[in-house]
$ cat work.txt   # compact mmCIF, C-alpha atoms
# COMPACT_ATOMS: atom_id res chain seq x y z
CA MET A 1 -354.49 -53.36 46.51
CA GLN A 2 -353.75 -54.32 50.09
CA LEU A 3 -352.43 -51.21 51.83
CA GLY A 4 -351.71 -52.73 55.23
CA LEU A 5 -353.09 -49.81 57.20
CA SER A 6 -355.22 -51.79 59.64
CA GLY A 7 -354.39 -50.98 63.25
CA ARG A 8 -352.56 -47.74 62.55
CA VAL A 9 -353.52 -44.47 64.18
CA ALA A 10 -354.14 -41.18 62.37
CA LEU A 11 -354.89 -37.58 63.25
CA VAL A 12 -356.79 -35.64 60.59
CA THR A 13 -357.30 -31.91 61.15
CA GLY A 14 -360.24 -30.10 59.61
CA ALA A 15 -362.05 -33.43 59.70
CA GLY A 16 -365.44 -31.88 60.40
CA SER A 17 -366.21 -31.24 56.75
CA GLY A 18 -365.04 -31.35 53.15
CA ILE A 19 -361.70 -32.89 52.22
CA GLY A 20 -360.73 -33.57 55.84
CA ARG A 21 -363.92 -35.53 56.47
CA ALA A 22 -363.46 -37.56 53.28
CA ILE A 23 -359.86 -38.42 54.21
CA ALA A 24 -360.82 -39.41 57.74
CA GLN A 25 -363.57 -41.70 56.52
CA ALA A 26 -361.38 -43.23 53.81
CA LEU A 27 -358.65 -44.02 56.34
CA ALA A 28 -361.18 -45.53 58.73
CA ALA A 29 -362.44 -47.76 55.90
CA GLU A 30 -358.90 -49.16 55.67
CA GLY A 31 -358.90 -50.09 59.34
CA VAL A 32 -357.12 -47.01 60.69
CA MET A 33 -358.15 -45.59 64.06
CA VAL A 34 -358.78 -41.97 63.10
CA HIS A 35 -358.86 -39.04 65.49
CA CYS A 36 -361.01 -36.46 63.74
CA ALA A 37 -359.97 -32.99 64.84
CA ASP A 38 -361.95 -29.84 64.21
CA ARG A 39 -362.27 -26.51 65.97
CA THR A 40 -366.04 -27.09 65.98
CA PRO A 41 -366.75 -30.10 68.22
CA GLU A 42 -370.19 -30.65 66.67
CA ALA A 43 -368.65 -30.97 63.21
CA ALA A 44 -366.10 -33.51 64.42
CA ALA A 45 -368.87 -35.46 66.14
CA ALA A 46 -370.89 -35.53 62.91
CA THR A 47 -367.94 -37.03 61.04
CA VAL A 48 -367.45 -39.87 63.49
CA ALA A 49 -371.14 -40.70 63.97
CA GLY A 50 -371.67 -44.38 63.38
CA HIS A 51 -367.98 -45.16 62.93
CA HIS A 52 -366.48 -47.24 65.73
CA ALA A 53 -362.94 -46.68 64.40
CA MET A 54 -363.14 -42.88 64.65
CA GLN A 55 -362.99 -40.49 67.58
CA ALA A 56 -363.90 -36.81 67.64
CA LEU A 57 -361.35 -34.33 68.93
CA ALA A 58 -361.84 -30.61 69.55
CA MET A 59 -358.69 -28.87 68.33
CA ASP A 60 -357.77 -25.36 67.21
CA VAL A 61 -354.72 -25.64 64.93
CA THR A 62 -353.92 -21.97 65.45
CA ASP A 63 -353.28 -22.64 69.15
CA PRO A 64 -350.10 -24.68 69.75
CA GLY A 65 -351.34 -25.55 73.23
CA SER A 66 -354.53 -27.04 71.82
CA VAL A 67 -352.56 -29.02 69.24
CA GLU A 68 -350.08 -30.34 71.80
CA ALA A 69 -352.85 -31.32 74.20
CA GLY A 70 -354.71 -33.15 71.43
CA ILE A 71 -351.66 -35.13 70.31
CA GLN A 72 -350.65 -35.96 73.87
CA GLY A 73 -354.16 -37.30 74.42
CA ILE A 74 -353.74 -39.56 71.39
CA LEU A 75 -350.34 -40.76 72.59
CA ARG A 76 -351.72 -41.68 76.00
CA LYS A 77 -353.84 -44.25 74.18
CA GLY A 78 -351.02 -45.54 71.99
CA ALA A 79 -349.11 -44.24 68.99
CA LEU A 80 -349.48 -41.73 66.18
CA ASP A 81 -348.61 -43.11 62.75
CA ILE A 82 -350.28 -40.69 60.33
CA LEU A 83 -350.87 -36.93 60.41
CA VAL A 84 -353.05 -35.24 57.80
CA THR A 85 -353.16 -31.44 58.01
CA SER A 86 -356.38 -30.59 56.22
CA ALA A 87 -357.67 -27.64 58.25
CA GLY A 88 -357.83 -24.52 56.11
CA ILE A 89 -359.76 -21.38 55.29
CA LEU A 90 -360.33 -19.55 52.03
CA LYS A 91 -359.84 -15.86 51.26
CA THR A 92 -361.00 -14.31 48.01
CA GLY A 93 -360.73 -10.91 46.38
CA PRO A 94 -357.80 -8.75 45.24
CA VAL A 95 -354.83 -8.00 47.46
CA SER A 96 -355.53 -4.29 47.04
CA ALA A 97 -358.76 -4.76 48.99
CA ALA A 98 -357.31 -7.04 51.65
CA GLN A 99 -356.67 -5.90 55.18
CA PRO A 100 -353.80 -7.02 57.45
CA ALA A 101 -356.34 -9.02 59.43
CA ASP A 102 -357.16 -11.02 56.28
CA TRP A 103 -353.55 -12.12 55.93
CA ASP A 104 -353.29 -12.88 59.63
CA ALA A 105 -356.39 -15.07 59.50
CA VAL A 106 -355.47 -17.14 56.47
CA GLU A 107 -351.80 -17.53 57.41
CA ARG A 108 -352.61 -18.49 61.00
CA VAL A 109 -354.74 -21.45 59.88
CA ASN A 110 -353.31 -22.50 56.52
CA LEU A 111 -349.60 -22.27 57.25
CA ARG A 112 -348.85 -21.74 60.91
CA GLY A 113 -351.51 -24.30 61.82
CA VAL A 114 -349.73 -26.90 59.70
CA LEU A 115 -346.43 -26.09 61.40
CA HIS A 116 -347.94 -26.42 64.89
CA CYS A 117 -349.32 -29.87 64.04
CA VAL A 118 -346.14 -31.12 62.42
CA ARG A 119 -343.94 -29.93 65.27
CA ALA A 120 -346.09 -31.75 67.81
CA ALA A 121 -346.05 -34.97 65.76
CA ILE A 122 -342.34 -35.16 64.93
CA ARG A 123 -341.02 -36.37 68.28
CA PRO A 124 -343.36 -39.34 68.79
CA MET A 125 -343.02 -40.41 65.16
CA ALA A 126 -339.23 -40.12 65.21
CA ALA A 127 -339.06 -42.10 68.45
CA ARG A 128 -340.72 -45.02 66.67
CA GLY A 129 -338.76 -44.56 63.44
CA HIS A 130 -341.89 -44.35 61.33
CA GLY A 131 -344.43 -41.74 60.31
CA ARG A 132 -346.52 -40.39 57.47
CA ILE A 133 -347.25 -36.67 57.24
CA ILE A 134 -349.65 -35.56 54.51
CA ASN A 135 -350.31 -31.86 54.06
CA ILE A 136 -353.15 -30.43 51.99
CA ALA A 137 -351.86 -27.68 49.73
CA SER A 138 -353.63 -26.42 46.59
CA VAL A 139 -353.02 -25.89 42.89
CA SER A 140 -352.97 -22.21 43.85
CA ALA A 141 -349.50 -22.87 45.29
CA PHE A 142 -348.25 -23.22 41.71
CA ARG A 143 -349.98 -20.12 40.38
CA GLY A 144 -349.91 -17.60 43.21
CA GLY A 145 -353.62 -17.96 43.74
CA GLY A 146 -356.20 -20.23 42.18
CA ALA A 147 -359.54 -20.04 40.44
CA LEU A 148 -361.16 -19.04 43.74
CA GLY A 149 -358.46 -18.48 46.35
CA ASN A 150 -356.70 -15.13 46.10
CA VAL A 151 -353.00 -14.31 46.26
CA LEU A 152 -352.94 -14.45 50.06
CA TYR A 153 -354.42 -17.96 49.98
CA GLY A 154 -351.96 -19.01 47.28
CA VAL A 155 -349.01 -17.73 49.29
CA THR A 156 -350.00 -19.81 52.31
CA LYS A 157 -350.40 -22.92 50.17
CA ALA A 158 -347.03 -22.27 48.51
CA GLY A 159 -345.64 -22.08 52.03
CA VAL A 160 -347.15 -25.49 52.76
CA ALA A 161 -345.42 -26.84 49.65
CA ALA A 162 -342.05 -25.42 50.72
CA LEU A 163 -342.54 -26.70 54.26
CA THR A 164 -343.33 -30.15 52.88
CA MET A 165 -340.15 -30.33 50.82
CA GLY A 166 -337.96 -29.05 53.64
CA LEU A 167 -339.45 -31.42 56.18
CA ALA A 168 -338.94 -34.35 53.83
CA ARG A 169 -335.20 -33.67 53.88
CA GLU A 170 -335.15 -33.12 57.61
CA LEU A 171 -337.30 -36.06 58.65
CA GLY A 172 -336.39 -38.72 56.10
CA PRO A 173 -333.51 -40.06 58.24
CA ALA A 174 -336.04 -40.57 61.07
CA GLY A 175 -338.23 -42.79 58.89
CA ILE A 176 -340.90 -40.12 58.36
CA THR A 177 -342.20 -39.28 54.89
CA VAL A 178 -343.76 -35.89 54.19
CA ASN A 179 -345.88 -35.21 51.14
CA ALA A 180 -348.53 -32.72 50.07
CA ILE A 181 -351.62 -33.02 47.92
CA ALA A 182 -352.62 -30.03 45.79
CA PRO A 183 -356.31 -30.25 44.84
CA ALA A 184 -358.01 -28.05 42.28
CA VAL A 185 -361.26 -26.32 43.23
CA THR A 186 -363.19 -28.91 45.19
CA ALA A 187 -366.93 -29.06 45.68
CA THR A 188 -367.23 -28.48 49.43
CA ALA A 189 -369.15 -26.27 51.80
CA MET A 190 -366.14 -23.92 51.92
CA THR A 191 -366.28 -23.22 48.18
CA ALA A 192 -370.03 -23.43 47.63
CA ALA A 193 -370.69 -19.77 48.37
CA GLN A 194 -368.20 -18.75 45.65
CA LEU A 195 -369.44 -21.14 42.97
CA ASP A 196 -372.31 -19.33 41.29
CA PRO A 197 -373.14 -20.80 37.85
CA SER A 198 -371.01 -18.35 35.85
CA VAL A 199 -367.95 -18.83 38.08
CA GLN A 200 -368.30 -22.59 37.99
CA ALA A 201 -368.65 -22.60 34.22
CA ALA A 202 -365.47 -20.54 33.85
CA ILE A 203 -363.57 -22.93 36.11
CA LEU A 204 -364.80 -26.00 34.28
CA ARG A 205 -363.54 -24.58 30.97
CA ARG A 206 -360.03 -24.75 32.47
CA ILE A 207 -360.28 -28.37 33.69
CA PRO A 208 -359.77 -30.88 30.86
CA ILE A 209 -361.60 -33.65 32.72
CA GLY A 210 -364.61 -31.34 32.86
CA ARG A 211 -365.69 -31.42 36.51
CA LEU A 212 -364.72 -30.00 39.86
CA ALA A 213 -362.65 -32.12 42.20
CA ALA A 214 -364.55 -34.18 44.74
CA PRO A 215 -363.27 -34.68 48.31
CA ASP A 216 -362.92 -38.40 47.60
CA ASP A 217 -360.41 -37.66 44.83
CA THR A 218 -357.99 -36.25 47.38
CA ALA A 219 -358.90 -38.86 49.99
CA ALA A 220 -357.93 -41.73 47.70
CA LEU A 221 -354.43 -40.32 47.23
CA ALA A 222 -354.06 -39.54 50.93
CA VAL A 223 -354.81 -43.15 51.85
CA PHE A 224 -352.13 -44.36 49.42
CA LEU A 225 -349.54 -41.88 50.74
CA ALA A 226 -350.31 -43.03 54.29
CA SER A 227 -349.45 -46.61 53.40
CA ASP A 228 -346.16 -48.45 53.11
CA ARG A 229 -346.82 -48.74 49.38
CA ALA A 230 -345.67 -45.11 49.29
CA ALA A 231 -342.63 -45.67 51.51
CA PHE A 232 -340.18 -44.24 48.96
CA ILE A 233 -342.26 -41.18 48.09
CA THR A 234 -341.40 -38.07 50.07
CA GLY A 235 -341.08 -34.35 49.46
CA THR A 236 -343.62 -34.38 46.63
CA ILE A 237 -346.46 -31.97 45.91
CA ILE A 238 -348.99 -34.00 43.94
CA PRO A 239 -351.76 -32.18 42.05
CA VAL A 240 -355.25 -33.68 42.05
CA ASP A 241 -356.58 -31.26 39.50
CA GLY A 242 -358.18 -32.95 36.48
CA GLY A 243 -355.51 -31.34 34.31
CA PHE A 244 -356.07 -27.76 35.54
CA LEU A 245 -352.35 -27.01 35.67
CA THR A 246 -351.91 -27.95 32.02
CA THR A 247 -354.16 -25.15 30.81

$ encode --input "work.txt" --output "structure tokens"
Amino acid sequence: MQLGLSGRVALVTGAGSGIGRAIAQALAAEGVMVHCADRTPEAAAATVAGHHAMQALAMDVTDPGSVEAGIQGILRKGALDILVTSAGILKTGPVSAAQPADWDAVERVNLRGVLHCVRAAIRPMAARGHGRIINIASVSAFRGGGALGNVLYGVTKAGVAALTMGLARELGPAGITVNAIAPAVTATAMTAAQLDPSVQAAILRRIPIGRLAAPDDTAALAVFLASDRAAFITGTIIPVDGGFLTT
């Protein structure tokens, strides 16, 4: 399928590892110039190594000044067509054991960070009458917490889902689509510490396809949503879960 993405410009947050890295590399393979943002410059640099169509960008999504500066830097070189908000952190354990600082940490990155990025991208996209915003939610948004992420994590991802739907209504008239992808537990560095053999076995029993999600599973959908093939899709929260939500 020809997606017609060559020459477009994307910003992918959390691109230093995991799902964000996979999305950035998949977009670059389609000819997109990808700005790979991460709060750890070394991680962003590792993602772009050897890729002429990718540039590393140090960005802290919890800091609106950092986000605005990063996007303005991109705009000085041209346009911004695609925003993927993949930066996120995981919190585990029961709410009864959580501290206020735990909520502050996960909400600041997973929800407020998405809002900072979207707000900074709206004006330049609307000025051109075209844009694709793709947020990374989670199946935990549908269940108030997932197989690994706790209730606090699930609440932030449910917030991302609500934000996605509301923004789709608000931004559709400006030619901007807004969608979210909701992966199941994905084999990444972020989840590895939680996936001892017994935990992984329990999760796999709940996934009809019988494996964990891979970052490339989400990346493939993100590339499609970024294209004009998905021009009439907006406000959706699409699970990439191997059937997890059916069990």

$ closest_residue --input "work.txt" --among "A:Val139, A:Leu204, A:Val185, A:Leu171" --to "A:Ile238" --atoms "all atoms listed in the file"
A:Val139

$ axis_aligned_box --input "work.txt" --around "stretch 86-105 of chain A" --padding-each-side "8 Å" --output "JSON"
{"center_x": -357.1, "center_y": -17.4, "center_z": 52.4, "size_x": 23.7, "size_y": 42.3, "size_z": 30.4}

$ residues_around --input "work.txt" --residues "A:Val67" --least-positions-apart "2" --cutoff "10 Å" --atoms "all atoms listed in the file" --output "ChimeraX atom specification"
/A:13,37,58-65,69-73,113,116-121

$ residues_around --input "work.txt" --residues "stretch 175-184 of chain A" --least-positions-apart "3" --cutoff "6 Å" --atoms "only C-alpha atoms" --output "list in words"
Gly129, His130, Gly131, Arg132, Ile133, Ile134, Asn135, Ile136, Ala137, Ser138, Val139, Thr164, Ala168, Leu171, Gly172, Thr234, Gly235, Thr236, Ile237, Ile238, Pro239, Val240 and Asp241 of chain A

$ closest_residue --input "work.txt" --among "A:Ser6, A:Ser66, A:Asn110, A:Thr246" --to "A:Thr85" --atoms "all atoms listed in the file"
A:Asn110

$ residues_around --input "work.txt" --residues "A:Thr188" --least-positions-apart "2" --cutoff "9 Å" --atoms "all atoms listed in the file" --output "PyMOL selection string"
chain A and resi 17-19+185-186+190-192+214-215

$ closest_residue --input "work.txt" --among "A:Gly4, A:Gly20, A:Pro124, A:Gly14" --to "A:Val109" --atoms "all atoms listed in the file"
A:Gly14

$ atom_distance --input "work.txt" --atom1 "atom CA of A:Ala46" --atom2 "atom CA of A:Leu90"
22.0 Å

$ closest_residue --input "work.txt" --among "A:Leu80, A:Leu111, A:Val223, A:Val48" --to "A:Val155" --atoms "all atoms listed in the file"
A:Leu111

$ atom_distance --input "work.txt" --atom1 "atom CA of A:Ala226" --atom2 "atom CA of A:Arg128"
15.8 Å

$ residues_near_point --input "work.txt" --point "(-350.4, -47.1, 66.9)" --cutoff "10 Å" --atoms "all atoms listed in the file" --output "compact mmCIF listing (two decimals) with C-alpha atoms, keeping the file's coordinate frame"
# COMPACT_ATOMS: atom_id res chain seq x y z
CA SER A 6 -355.22 -51.79 59.64
CA GLY A 7 -354.39 -50.98 63.25
CA ARG A 8 -352.56 -47.74 62.55
CA VAL A 9 -353.52 -44.47 64.18
CA ALA A 10 -354.14 -41.18 62.37
CA VAL A 32 -357.12 -47.01 60.69
CA MET A 33 -358.15 -45.59 64.06
CA ILE A 74 -353.74 -39.56 71.39
CA LEU A 75 -350.34 -40.76 72.59
CA LYS A 77 -353.84 -44.25 74.18
CA GLY A 78 -351.02 -45.54 71.99
CA ALA A 79 -349.11 -44.24 68.99
CA LEU A 80 -349.48 -41.73 66.18
CA ASP A 81 -348.61 -43.11 62.75
CA ILE A 82 -350.28 -40.69 60.33
CA ARG A 128 -340.72 -45.02 66.67

$ atom_distance --input "work.txt" --atom1 "atom CA of A:Ala26" --atom2 "atom CA of A:Ala220"
7.2 Å

$ build_atoms --input "work.txt" --residues "stretch 55-72 of chain A" --atoms "N, CA and C atoms" --output "short mmCIF file (atom, residue, chain, number, x, y, z; two decimals), in the frame of the given file"
data_model
loop_
_atom_site.label_atom_id
_atom_site.label_comp_id
_atom_site.auth_asym_id
_atom_site.auth_seq_id
_atom_site.Cartn_x
_atom_site.Cartn_y
_atom_site.Cartn_z
N GLN A 55 -362.72 -41.23 66.36
CA GLN A 55 -362.99 -40.49 67.58
C GLN A 55 -362.93 -38.99 67.28
N ALA A 56 -363.87 -38.25 67.82
CA ALA A 56 -363.90 -36.81 67.64
C ALA A 56 -362.93 -36.13 68.60
N LEU A 57 -362.32 -35.06 68.13
CA LEU A 57 -361.35 -34.33 68.93
C LEU A 57 -361.49 -32.84 68.65
N ALA A 58 -361.78 -32.07 69.69
CA ALA A 58 -361.84 -30.61 69.55
C ALA A 58 -360.41 -30.08 69.52
N MET A 59 -360.05 -29.39 68.46
CA MET A 59 -358.69 -28.87 68.33
C MET A 59 -358.70 -27.60 67.50
N ASP A 60 -357.96 -26.60 67.95
CA ASP A 60 -357.77 -25.36 67.21
C ASP A 60 -356.32 -25.35 66.74
N VAL A 61 -356.09 -25.53 65.43
CA VAL A 61 -354.72 -25.64 64.93
C VAL A 61 -353.94 -24.35 65.07
N THR A 62 -354.64 -23.23 65.28
CA THR A 62 -353.92 -21.97 65.45
C THR A 62 -353.35 -21.81 66.85
N ASP A 63 -353.71 -22.70 67.76
CA ASP A 63 -353.28 -22.64 69.15
C ASP A 63 -352.33 -23.81 69.42
N PRO A 64 -351.03 -23.56 69.54
CA PRO A 64 -350.10 -24.68 69.75
C PRO A 64 -350.40 -25.47 71.01
N GLY A 65 -350.97 -24.83 72.02
CA GLY A 65 -351.34 -25.55 73.23
C GLY A 65 -352.45 -26.55 72.97
N SER A 66 -353.44 -26.14 72.17
CA SER A 66 -354.53 -27.04 71.82
C SER A 66 -354.02 -28.21 71.00
N VAL A 67 -353.13 -27.95 70.07
CA VAL A 67 -352.56 -29.02 69.24
C VAL A 67 -351.76 -30.00 70.09
N GLU A 68 -350.91 -29.47 70.95
CA GLU A 68 -350.08 -30.34 71.80
C GLU A 68 -350.94 -31.18 72.72
N ALA A 69 -351.96 -30.57 73.30
CA ALA A 69 -352.85 -31.32 74.20
C ALA A 69 -353.57 -32.43 73.44
N GLY A 70 -354.02 -32.14 72.22
CA GLY A 70 -354.71 -33.15 71.43
C GLY A 70 -353.81 -34.33 71.10
N ILE A 71 -352.58 -34.04 70.68
CA ILE A 71 -351.66 -35.13 70.31
C ILE A 71 -351.22 -35.90 71.54
N GLN A 72 -351.02 -35.23 72.65
CA GLN A 72 -350.65 -35.96 73.87
C GLN A 72 -351.79 -36.88 74.31
#
